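Content type compact mmCIF, C-alpha atoms and all ligand atoms, from the file final.txt:
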```
# COMPACT_ATOMS: atom_id res chain seq x y z
CA MET R 1 23.45 5.20 20.71
CA VAL R 2 23.35 4.47 17.00
CA GLU R 3 26.01 2.06 15.83
CA LYS R 4 28.43 3.41 13.21
CA ARG R 5 27.49 0.60 10.84
CA TYR R 6 24.32 -1.42 10.73
CA PRO R 7 22.63 -3.86 8.32
CA MET R 8 20.10 -2.90 5.64
CA ALA R 9 18.20 -5.35 3.43
CA PHE R 10 18.69 -5.32 -0.32
CA VAL R 11 17.25 -7.50 -3.05
CA THR R 12 20.37 -8.34 -5.01
CA ALA R 13 18.97 -10.94 -7.43
CA PRO R 14 15.48 -12.40 -7.95
CA GLY R 15 14.51 -14.22 -4.75
CA VAL R 16 17.61 -13.14 -2.83
CA ILE R 17 17.64 -10.85 0.23
CA GLU R 18 21.07 -9.72 1.31
CA PHE R 19 21.93 -7.58 4.31
CA ARG R 20 24.54 -4.98 3.42
CA SER R 21 26.43 -2.92 5.90
CA TYR R 22 25.26 0.69 5.96
CA GLU R 23 27.27 3.55 7.39
CA ARG R 24 25.54 6.02 9.69
CA ALA R 25 25.54 9.51 8.15
CA PRO R 26 25.23 12.80 10.05
CA LEU R 27 21.77 14.41 9.81
CA GLU R 28 20.99 17.36 7.56
CA PRO R 29 19.36 20.29 9.44
CA LEU R 30 15.78 19.17 8.61
CA GLU R 31 16.30 15.43 8.92
CA VAL R 32 15.07 13.08 11.59
CA ARG R 33 16.59 9.76 12.63
CA LEU R 34 14.22 7.02 13.71
CA LYS R 35 14.70 3.76 15.46
CA VAL R 36 12.61 1.55 13.19
CA LYS R 37 10.06 -0.37 15.27
CA ALA R 38 7.98 -2.04 12.56
CA ALA R 39 8.18 -2.25 8.77
CA SER R 40 5.75 -4.15 6.59
CA ILE R 41 6.31 -5.92 3.30
CA CYS R 42 4.40 -4.33 0.41
CA GLY R 43 3.13 -5.83 -2.84
CA GLY R 44 5.63 -3.51 -4.52
CA ASP R 45 8.45 -5.12 -2.52
CA LEU R 46 7.26 -8.49 -3.82
CA HIS R 47 7.52 -7.27 -7.42
CA ILE R 48 11.10 -6.24 -6.60
CA PHE R 49 11.83 -9.56 -4.86
CA LYS R 50 10.70 -11.34 -8.03
CA GLY R 51 12.92 -9.01 -10.07
CA LYS R 52 9.86 -7.81 -11.97
CA HIS R 53 9.32 -4.27 -10.69
CA PRO R 54 9.14 -2.06 -13.78
CA PHE R 55 10.81 0.95 -12.11
CA ALA R 56 13.20 -0.57 -9.57
CA PRO R 57 16.09 -2.49 -11.15
CA LEU R 58 18.22 -4.76 -8.92
CA PRO R 59 20.13 -4.47 -6.70
CA VAL R 60 17.98 -2.15 -4.61
CA SER R 61 17.28 -1.62 -0.94
CA VAL R 62 13.72 -2.58 -0.01
CA GLY R 63 10.99 -1.53 2.39
CA HIS R 64 9.01 1.70 2.52
CA GLU R 65 6.21 1.04 5.01
CA LEU R 66 7.48 1.81 8.48
CA ALA R 67 6.92 3.33 11.86
CA GLY R 68 9.45 4.14 14.50
CA GLU R 69 10.58 6.30 17.36
CA VAL R 70 12.40 9.59 16.81
CA ILE R 71 15.86 9.31 18.39
CA GLU R 72 17.71 12.26 16.83
CA THR R 73 16.74 15.46 15.03
CA GLY R 74 18.66 17.86 12.80
CA HIS R 75 19.18 21.31 14.39
CA ALA R 76 16.39 23.00 12.35
CA VAL R 77 13.70 20.36 13.00
CA THR R 78 10.61 21.73 14.78
CA LYS R 79 7.88 19.22 13.88
CA VAL R 80 8.89 16.32 16.12
CA ARG R 81 11.21 15.58 18.98
CA ASN R 82 12.98 12.62 20.49
CA GLY R 83 10.61 10.00 21.77
CA ASP R 84 7.81 10.82 19.30
CA ARG R 85 6.20 7.82 17.64
CA VAL R 86 5.87 8.41 13.89
CA ALA R 87 4.98 6.90 10.53
CA VAL R 88 7.01 7.83 7.45
CA GLU R 89 5.77 8.95 4.03
CA PRO R 90 8.65 7.51 2.01
CA VAL R 91 8.19 9.54 -1.18
CA ILE R 92 10.74 11.98 -2.56
CA ALA R 93 9.28 14.89 -4.55
CA CYS R 94 11.37 17.76 -5.92
CA GLY R 95 9.02 20.57 -4.86
CA ARG R 96 10.02 22.62 -7.89
CA CYS R 97 8.45 21.01 -10.95
CA GLN R 98 5.06 22.06 -12.32
CA PRO R 99 2.96 19.26 -10.68
CA CYS R 100 4.74 19.80 -7.35
CA ARG R 101 4.06 23.54 -7.47
CA ARG R 102 0.40 22.83 -8.27
CA GLY R 103 0.25 20.71 -5.12
CA ASP R 104 0.28 17.35 -6.91
CA TYR R 105 3.52 16.10 -5.41
CA HIS R 106 2.51 12.48 -6.06
CA LEU R 107 2.85 13.35 -9.75
CA CYS R 108 6.26 15.01 -9.34
CA MET R 109 8.25 14.94 -12.59
CA ASN R 110 11.23 13.71 -10.58
CA ILE R 111 9.35 11.43 -8.19
CA SER R 112 11.27 8.80 -6.33
CA PHE R 113 11.08 6.79 -3.15
CA GLN R 114 13.61 6.58 -0.37
CA TYR R 115 14.22 2.88 -0.93
CA ARG R 116 15.29 3.58 -4.51
CA LYS R 117 17.91 5.99 -3.16
CA GLY R 118 19.43 3.52 -0.75
CA GLN R 119 17.24 4.07 2.34
CA GLY R 120 15.19 0.91 2.70
CA ALA R 121 13.03 0.24 5.75
CA PHE R 122 14.28 -3.23 6.69
CA THR R 123 17.06 -1.88 8.86
CA PRO R 124 17.36 -0.73 12.47
CA TYR R 125 17.51 3.04 11.70
CA PHE R 126 15.87 5.27 9.13
CA VAL R 127 16.50 8.90 8.17
CA ALA R 128 13.63 11.01 6.82
CA HIS R 129 12.89 14.68 6.19
CA GLU R 130 10.72 16.20 8.92
CA ASP R 131 8.00 17.01 6.34
CA ARG R 132 7.61 13.28 5.76
CA VAL R 133 7.10 12.09 9.32
CA PHE R 134 3.70 12.04 11.02
CA ARG R 135 2.97 11.45 14.67
CA LEU R 136 0.90 8.34 15.38
CA PRO R 137 -2.34 8.68 17.37
CA ASP R 138 -2.05 7.50 20.97
CA GLY R 139 -2.95 3.87 21.28
CA LEU R 140 -1.99 2.98 17.70
CA SER R 141 0.76 0.36 17.71
CA TYR R 142 3.92 0.61 15.65
CA ASP R 143 2.74 -2.42 13.64
CA GLU R 144 -0.38 -0.52 12.66
CA GLY R 145 1.71 2.61 12.11
CA ALA R 146 3.65 0.79 9.39
CA LEU R 147 0.34 0.24 7.58
CA VAL R 148 -0.44 3.96 7.33
CA GLU R 149 1.45 3.94 4.01
CA PRO R 150 -0.70 1.29 2.27
CA LEU R 151 -3.80 2.79 3.91
CA SER R 152 -2.88 6.11 2.27
CA VAL R 153 -2.60 4.38 -1.12
CA ALA R 154 -6.09 2.92 -0.69
CA LEU R 155 -7.49 6.18 0.63
CA HIS R 156 -6.15 8.12 -2.34
CA ALA R 157 -7.87 5.70 -4.73
CA VAL R 158 -11.20 5.71 -2.89
CA LYS R 159 -11.25 9.51 -2.78
CA LYS R 160 -10.24 9.74 -6.41
CA SER R 161 -13.00 7.33 -7.50
CA GLY R 162 -15.61 9.77 -6.22
CA VAL R 163 -17.65 6.99 -4.60
CA ARG R 164 -20.93 8.16 -3.08
CA LEU R 165 -23.16 6.94 -0.29
CA ALA R 166 -24.91 3.63 -0.95
CA GLU R 167 -23.12 2.95 -4.23
CA THR R 168 -22.24 -0.64 -5.13
CA SER R 169 -18.56 -1.52 -5.67
CA ALA R 170 -16.39 -4.38 -6.83
CA VAL R 171 -12.83 -4.72 -5.55
CA PHE R 172 -10.54 -6.94 -7.64
CA GLY R 173 -7.71 -8.26 -5.50
CA ALA R 174 -7.95 -9.10 -1.80
CA GLY R 175 -4.34 -8.34 -0.97
CA ALA R 176 -3.65 -5.61 1.56
CA ILE R 177 -4.58 -2.76 -0.79
CA GLY R 178 -7.81 -4.38 -1.98
CA LEU R 179 -8.80 -5.14 1.62
CA LEU R 180 -8.01 -1.58 2.71
CA VAL R 181 -10.14 -0.27 -0.17
CA THR R 182 -12.93 -2.59 1.02
CA MET R 183 -12.65 -1.24 4.58
CA LEU R 184 -12.68 2.36 3.35
CA LEU R 185 -15.71 1.73 1.13
CA ARG R 186 -17.62 0.70 4.22
CA GLN R 187 -16.89 4.20 5.56
CA ALA R 188 -17.21 6.15 2.32
CA SER R 189 -20.21 4.45 0.76
CA GLY R 190 -21.84 1.91 3.04
CA GLY R 191 -23.15 0.20 -0.09
CA ARG R 192 -22.63 -3.39 -1.19
CA THR R 193 -19.06 -4.43 -2.04
CA PHE R 194 -17.99 -7.50 -3.98
CA ILE R 195 -14.48 -8.75 -3.28
CA VAL R 196 -12.79 -10.82 -5.99
CA ASP R 197 -9.67 -12.99 -5.60
CA VAL R 198 -8.44 -16.56 -6.08
CA ASP R 199 -7.34 -17.13 -2.48
CA ASP R 200 -9.95 -18.43 -0.02
CA PHE R 201 -8.14 -17.05 3.03
CA ARG R 202 -8.01 -13.53 1.63
CA LEU R 203 -11.62 -13.74 0.46
CA ARG R 204 -12.68 -14.65 3.99
CA LYS R 205 -10.80 -11.59 5.23
CA GLY R 206 -12.69 -9.52 2.69
CA LEU R 207 -16.00 -10.71 4.10
CA GLU R 208 -14.84 -10.03 7.66
CA LEU R 209 -13.79 -6.52 6.70
CA GLY R 210 -17.06 -5.50 5.11
CA ALA R 211 -17.57 -7.11 1.69
CA CYS R 212 -21.06 -8.51 1.09
CA ARG R 213 -20.02 -11.23 -1.36
CA ALA R 214 -16.72 -12.96 -2.03
CA VAL R 215 -16.12 -14.15 -5.58
CA HIS R 216 -13.55 -16.87 -6.17
CA ASN R 217 -12.35 -15.92 -9.61
CA ARG R 218 -11.31 -19.44 -10.61
CA ARG R 219 -14.38 -21.27 -9.46
CA GLU R 220 -16.71 -18.50 -10.63
CA ASP R 221 -16.64 -15.78 -13.26
CA ALA R 222 -16.52 -12.41 -11.50
CA ARG R 223 -18.29 -10.56 -14.26
CA GLU R 224 -21.15 -13.08 -14.39
CA VAL R 225 -21.60 -13.12 -10.60
CA ILE R 226 -21.58 -9.35 -10.31
CA LEU R 227 -24.03 -8.84 -13.16
CA ALA R 228 -26.31 -11.59 -11.84
CA GLU R 229 -26.34 -10.08 -8.35
CA THR R 230 -26.99 -6.54 -9.55
CA ASP R 231 -30.00 -7.38 -11.75
CA GLY R 232 -27.83 -7.22 -14.86
CA ILE R 233 -26.90 -3.61 -14.15
CA GLY R 234 -23.34 -3.81 -12.85
CA VAL R 235 -21.54 -1.89 -10.12
CA ASP R 236 -21.14 1.86 -9.77
CA LYS R 237 -17.45 1.62 -8.94
CA ALA R 238 -14.76 -0.97 -9.55
CA TYR R 239 -11.20 -1.01 -8.17
CA GLU R 240 -8.41 -3.05 -9.76
CA ALA R 241 -5.75 -3.91 -7.18
CA VAL R 242 -4.20 -6.95 -8.85
CA GLY R 243 -2.32 -5.64 -11.87
CA MET R 244 -3.46 -8.20 -14.44
CA GLU R 245 -5.09 -7.77 -17.81
CA MET R 246 -7.86 -10.25 -17.01
CA THR R 247 -8.96 -8.51 -13.81
CA LEU R 248 -8.77 -5.05 -15.36
CA ARG R 249 -11.00 -6.32 -18.16
CA GLN R 250 -13.41 -7.86 -15.66
CA ALA R 251 -13.46 -4.61 -13.67
CA LEU R 252 -14.50 -2.68 -16.78
CA GLU R 253 -17.04 -5.33 -17.81
CA SER R 254 -18.62 -5.36 -14.33
CA LEU R 255 -19.40 -1.64 -14.37
CA ARG R 256 -22.86 -0.26 -14.81
CA LYS R 257 -23.40 2.16 -17.67
CA GLY R 258 -21.69 5.38 -16.66
CA GLY R 259 -19.63 3.59 -13.96
CA THR R 260 -16.03 4.24 -13.03
CA ALA R 261 -13.11 1.86 -12.57
CA THR R 262 -10.01 2.92 -10.66
CA LEU R 263 -6.71 1.21 -11.35
CA LEU R 264 -4.20 0.81 -8.52
CA GLY R 265 -2.52 -2.45 -9.47
CA LEU R 266 1.04 -2.46 -10.73
CA PHE R 267 1.28 -4.47 -13.96
CA GLU R 268 4.34 -6.64 -14.43
CA VAL R 269 3.28 -6.85 -18.09
CA SER R 270 2.27 -3.72 -19.94
CA PRO R 271 0.58 -2.85 -22.34
CA ALA R 272 -2.69 -4.76 -21.87
CA TYR R 273 -5.52 -5.71 -24.21
CA LEU R 274 -8.86 -4.10 -23.31
CA PRO R 275 -12.46 -4.11 -24.59
CA VAL R 276 -12.17 -0.51 -25.75
CA ASN R 277 -15.63 -0.23 -27.31
CA LEU R 278 -17.13 -0.49 -23.83
CA PHE R 279 -15.90 3.00 -23.02
CA VAL R 280 -18.18 4.56 -25.61
CA GLN R 281 -21.03 2.03 -25.50
CA LYS R 282 -21.40 2.26 -21.74
CA GLU R 283 -19.78 5.64 -21.23
CA ILE R 284 -17.56 4.21 -18.53
CA SER R 285 -14.40 5.78 -17.12
CA LEU R 286 -11.05 4.34 -16.13
CA LEU R 287 -8.95 6.32 -13.66
CA GLY R 288 -5.41 5.72 -12.53
CA SER R 289 -4.49 6.24 -8.89
CA GLN R 290 -0.87 6.93 -8.01
CA GLY R 291 0.42 6.77 -4.46
CA TYR R 292 -0.76 9.48 -2.10
CA ASN R 293 -0.98 13.21 -1.99
CA TRP R 294 -1.84 14.64 1.43
CA ASP R 295 -3.49 11.32 2.25
CA PHE R 296 -1.28 10.39 5.23
CA GLN R 297 -2.90 13.20 7.19
CA ASP R 298 -6.38 11.89 6.36
CA ALA R 299 -5.45 8.26 7.03
CA LEU R 300 -4.27 9.32 10.49
CA VAL R 301 -7.54 11.17 11.14
CA LEU R 302 -9.48 7.98 10.40
CA LEU R 303 -7.20 5.98 12.68
CA ASP R 304 -7.40 8.59 15.43
CA GLN R 305 -11.19 8.48 15.18
CA ARG R 306 -11.06 4.67 15.40
CA ARG R 307 -12.91 4.31 12.08
CA LEU R 308 -10.72 1.44 10.97
CA ASP R 309 -8.96 -1.43 12.66
CA LEU R 310 -5.80 -2.40 10.79
CA LYS R 311 -4.90 -5.29 13.09
CA PRO R 312 -6.85 -7.98 11.16
CA LEU R 313 -4.58 -7.32 8.16
CA ILE R 314 -1.46 -8.30 10.09
CA THR R 315 -1.21 -12.06 9.68
CA HIS R 316 2.50 -12.56 10.37
CA ARG R 317 5.32 -10.95 12.32
CA VAL R 318 8.93 -11.86 11.62
CA ARG R 319 12.25 -10.62 12.93
CA LEU R 320 14.55 -8.60 10.70
CA GLU R 321 16.95 -11.50 10.26
CA ASP R 322 14.04 -13.65 9.01
CA LEU R 323 13.03 -11.16 6.30
CA GLN R 324 13.64 -13.70 3.54
CA SER R 325 11.03 -16.02 5.07
CA GLY R 326 8.62 -13.07 5.31
CA PHE R 327 8.81 -12.62 1.54
CA GLU R 328 8.45 -16.35 0.98
CA ILE R 329 5.31 -16.56 3.12
CA LEU R 330 3.70 -13.87 0.96
CA LEU R 331 4.58 -15.64 -2.27
CA ASP R 332 3.43 -19.05 -1.04
CA PRO R 333 -0.05 -19.73 -2.45
CA ALA R 334 -0.85 -21.60 0.77
CA GLY R 335 0.72 -18.93 2.96
CA GLN R 336 -2.52 -17.46 4.39
CA ALA R 337 -0.82 -14.09 4.56
CA VAL R 338 -1.99 -10.53 4.03
CA LYS R 339 0.53 -8.33 5.79
CA VAL R 340 3.85 -9.49 7.12
CA VAL R 341 5.31 -7.04 9.61
CA VAL R 342 9.01 -7.10 10.27
CA VAL R 343 9.80 -6.21 13.87
CA MET R 344 13.18 -5.07 15.02
CA GLU R 345 12.92 -6.44 18.50
CA LYS R 346 11.97 -9.92 19.56
CA PRO R 347 8.22 -10.20 18.92
CA ALA R 348 6.08 -10.57 22.01
CA VAL R 349 4.41 -13.97 21.83
ZN ZN R 401 3.61 0.07 -0.02
ZN ZN R 402 8.44 17.76 -8.44
```

Produce structure tokens that represent the structure in this file.
Ligand SMILES: [Zn+2]
Ligand SMILES: [Zn+2]
Amino acid sequence: MVEKRYPMAFVTAPGVIEFRSYERAPLEPLEVRLKVKAASICGGDLHIFKGKHPFAPLPVSVGHELAGEVIETGHAVTKVRNGDRVAVEPVIACGRCQPCRRGDYHLCMNISFQYRKGQGAFTPYFVAHEDRVFRLPDGLSYDEGALVEPLSVALHAVKKSGVRLAETSAVFGAGAIGLLVTMLLRQASGGRTFIVDVDDFRLRKGLELGACRAVHNRREDAREVILAETDGIGVDKAYEAVGMEMTLRQALESLRKGGTATLLGLFEVSPAYLPVNLFVQKEISLLGSQGYNWDFQDALVLLDQRRLDLKPLITHRVRLEDLQSGFEILLDPAGQAVKVVVVMEKPAV
């Protein structure tokens, strides 16, 4: 039985999580109510927590990476039923604008996310449209199910980059997205991958998850290392998953002639200063990658086929009431954290 009122986490001021009371609403015909089982904290949530997200002014409910159990369905729902274990694609697209009608719903002219409309994921219950819920493969835990969302972000970028077998890559940023890109490159290319960060713990994860060389970007210069280790040629593909001018510049400067960089990072400061002559001199390309578009389905295929193990990304589990500490662990330079999963029930020790 769903309580009439239950708590939902909001960021109300920089650094402040507040639980507000949320009133249970009746379901629309095509809506599904979930009991949230696991919800992970995203880099985007951290931008919000710092009060620096360019598109999500405070106060705002937070959390968009979740998995749960279906406990109630609207009368017209046919896709799932009570007891199903699902992940949620938390995007809201209008379905009517030109990009939506072309099939590019991630580029919807009216795009939004459920958390920006008052349905965050750090709460005991979550309501989603049936089109946006996806059954989890048997054997995949709810914790891993919450990571289908960031996996879809990484998958979209790797597909978009057009990486080919045996190509060499550089991934800037060893947070969850950069590490997921690294894992996917092992599947999509099988070539050498450099992972670049300033955190030793995350760099070690990068090596564990398939990178051939970790570059500590304070003790070394990423561009110099990559050029030296590729006979002065540079990498075929670079991925920027930090959101900083310096790393975007390094990504471009590390490319071989004719190479392609893909930008996934969210910049707290925009515009940025770039070595623009490189584009013509080296005929390089820079692509942007936004969210996901039919990538949840593919992410779930890879998980069903056991191509990827998401468990090594989960470094911490906290209870809902300890959400504030979950954010703080991620922002602590000594935190040794990649993914913090918020669990609704007492975590099994
Ligand atoms: Zn996310
Ligand atoms: Zn649209």

Note to self: Every residue with an atom at most 12 Å from (17.1, -13.4, 2.6) (file coordinates; all atoms listed in the file) is what I'm after, so could you write them as a PyMOL selection string?
What the structure shows: chain R and resi 8-20+49+62+122+319-328

Checklist line | Among the residues R:Val148, R:Val70, R:Leu255, R:Val80, the one that comes closest to R:Asp304 [using only C-alpha atoms] | finding: R:Val148

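Nearest to R:Gly139 of all the residues R:Asp309, R:Met183, R:Lys160, R:Gly95 is R:Asp309, based on all atoms listed in the file.
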
Check which residues of chain R sit at most 9 Å from ligand ZN 401 (chain R) using only C-alpha atoms and all ligand atoms, and return one row each with the closest pair of atoms and their distance in Å to one decimal, ordered by chain and rising number, as CSV.
```
residue,atom,partner,partner_atom,distance
R:Ser40,CA,R:ZN401,ZN,8.1
R:Ile41,CA,R:ZN401,ZN,7.4
R:Cys42,CA,R:ZN401,ZN,4.5
R:Gly43,CA,R:ZN401,ZN,6.6
R:Gly44,CA,R:ZN401,ZN,6.1
R:Asp45,CA,R:ZN401,ZN,7.5
R:Gly63,CA,R:ZN401,ZN,7.9
R:His64,CA,R:ZN401,ZN,6.2
R:Glu65,CA,R:ZN401,ZN,5.7
R:Leu147,CA,R:ZN401,ZN,8.3
R:Glu149,CA,R:ZN401,ZN,6.0
R:Pro150,CA,R:ZN401,ZN,5.0
R:Leu151,CA,R:ZN401,ZN,8.8
R:Val153,CA,R:ZN401,ZN,7.6
R:Ile177,CA,R:ZN401,ZN,8.7
R:Gly291,CA,R:ZN401,ZN,8.6
```

Please save C-alpha atoms of the selected residues as an mmCIF file, keeping the file's coordinate frame.
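Below is the file again36.cif, written as the result:
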```cif
data_model
loop_
_atom_site.group_PDB
_atom_site.id
_atom_site.type_symbol
_atom_site.label_atom_id
_atom_site.label_comp_id
_atom_site.auth_asym_id
_atom_site.auth_seq_id
_atom_site.Cartn_x
_atom_site.Cartn_y
_atom_site.Cartn_z
ATOM 1 C CA SER R 40 5.750 -4.150 6.590
ATOM 2 C CA ILE R 41 6.310 -5.920 3.300
ATOM 3 C CA CYS R 42 4.400 -4.330 0.410
ATOM 4 C CA GLY R 43 3.130 -5.830 -2.840
ATOM 5 C CA GLY R 44 5.630 -3.510 -4.520
ATOM 6 C CA ASP R 45 8.450 -5.120 -2.520
ATOM 7 C CA GLY R 63 10.990 -1.530 2.390
ATOM 8 C CA HIS R 64 9.010 1.700 2.520
ATOM 9 C CA GLU R 65 6.210 1.040 5.010
ATOM 10 C CA LEU R 147 0.340 0.240 7.580
ATOM 11 C CA GLU R 149 1.450 3.940 4.010
ATOM 12 C CA PRO R 150 -0.700 1.290 2.270
ATOM 13 C CA LEU R 151 -3.800 2.790 3.910
ATOM 14 C CA VAL R 153 -2.600 4.380 -1.120
ATOM 15 C CA ILE R 177 -4.580 -2.760 -0.790
ATOM 16 C CA GLY R 291 0.420 6.770 -4.460
#
```

Notebook entry, point to check: Smallest atom-to-atom distance to R:His53: which of R:Lys37, R:Lys282, R:Lys159, R:Arg116, using only C-alpha atoms?
Noted result: R:Arg116

Check: At what distance in Å, to one decimal, does atom CA of R:Asp295 lie from atom CA of R:Lys311?
Finding: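 Value for the atom CA of R:Lys311-atom CA of R:Asp295 distance: 19.9 Å.
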
Notebook entry, point to check: Pick the closest to ligand ZN 402 (chain R) from R:Gly51, R:Pro99, R:Pro59, R:Gly68: which is it, counting all atoms listed in the file?
Noted result: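 Selected residue with least distance to ligand ZN 402 (chain R): R:Pro99.
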
For stretch 321-343 of chain R, where the input has fewer atoms than it should, I would like N, CA and C atoms rebuilt and written as a short mmCIF file (atom, residue, chain, number, x, y, z; two decimals), in the coordinates of the input.
```cif
data_model
loop_
_atom_site.label_atom_id
_atom_site.label_comp_id
_atom_site.auth_asym_id
_atom_site.auth_seq_id
_atom_site.Cartn_x
_atom_site.Cartn_y
_atom_site.Cartn_z
N GLU R 321 16.06 -10.50 10.86
CA GLU R 321 16.95 -11.50 10.26
C GLU R 321 16.18 -12.59 9.50
N ASP R 322 14.86 -12.66 9.73
CA ASP R 322 14.04 -13.65 9.01
C ASP R 322 13.26 -13.02 7.85
N LEU R 323 13.73 -11.88 7.37
CA LEU R 323 13.03 -11.16 6.30
C LEU R 323 12.78 -12.05 5.07
N GLN R 324 13.79 -12.82 4.70
CA GLN R 324 13.64 -13.70 3.54
C GLN R 324 12.40 -14.58 3.69
N SER R 325 12.20 -15.14 4.88
CA SER R 325 11.03 -16.02 5.07
C SER R 325 9.74 -15.20 5.00
N GLY R 326 9.79 -13.93 5.42
CA GLY R 326 8.62 -13.07 5.31
C GLY R 326 8.18 -12.92 3.86
N PHE R 327 9.14 -12.72 2.97
CA PHE R 327 8.81 -12.62 1.54
C PHE R 327 8.26 -13.96 1.03
N GLU R 328 8.87 -15.03 1.49
CA GLU R 328 8.45 -16.35 0.98
C GLU R 328 7.03 -16.70 1.43
N ILE R 329 6.68 -16.31 2.65
CA ILE R 329 5.31 -16.56 3.12
C ILE R 329 4.31 -15.88 2.19
N LEU R 330 4.64 -14.63 1.80
CA LEU R 330 3.70 -13.87 0.96
C LEU R 330 3.57 -14.45 -0.44
N LEU R 331 4.63 -15.09 -0.91
CA LEU R 331 4.58 -15.64 -2.27
C LEU R 331 4.07 -17.08 -2.29
N ASP R 332 3.92 -17.67 -1.12
CA ASP R 332 3.43 -19.05 -1.04
C ASP R 332 1.91 -19.06 -1.21
N PRO R 333 1.41 -19.74 -2.23
CA PRO R 333 -0.05 -19.73 -2.45
C PRO R 333 -0.82 -20.28 -1.25
N ALA R 334 -0.17 -21.08 -0.41
CA ALA R 334 -0.85 -21.60 0.77
C ALA R 334 -0.48 -20.82 2.03
N GLY R 335 0.13 -19.66 1.84
CA GLY R 335 0.72 -18.93 2.96
C GLY R 335 -0.25 -18.29 3.94
N GLN R 336 -1.51 -18.10 3.53
CA GLN R 336 -2.52 -17.46 4.39
C GLN R 336 -1.97 -16.17 4.98
N ALA R 337 -1.44 -15.33 4.10
CA ALA R 337 -0.82 -14.09 4.56
C ALA R 337 -1.47 -12.89 3.89
N VAL R 338 -1.61 -11.81 4.63
CA VAL R 338 -1.99 -10.53 4.03
C VAL R 338 -0.83 -9.57 4.24
N LYS R 339 -0.58 -9.23 5.51
CA LYS R 339 0.53 -8.33 5.79
C LYS R 339 1.52 -9.02 6.71
N VAL R 340 2.76 -9.00 6.29
CA VAL R 340 3.85 -9.49 7.12
C VAL R 340 4.58 -8.26 7.67
N VAL R 341 4.63 -8.16 8.98
CA VAL R 341 5.31 -7.04 9.61
C VAL R 341 6.66 -7.52 10.16
N VAL R 342 7.68 -6.79 9.79
CA VAL R 342 9.01 -7.10 10.27
C VAL R 342 9.25 -6.26 11.52
N VAL R 343 9.58 -6.92 12.61
CA VAL R 343 9.80 -6.21 13.87
C VAL R 343 11.28 -6.25 14.20
#
```
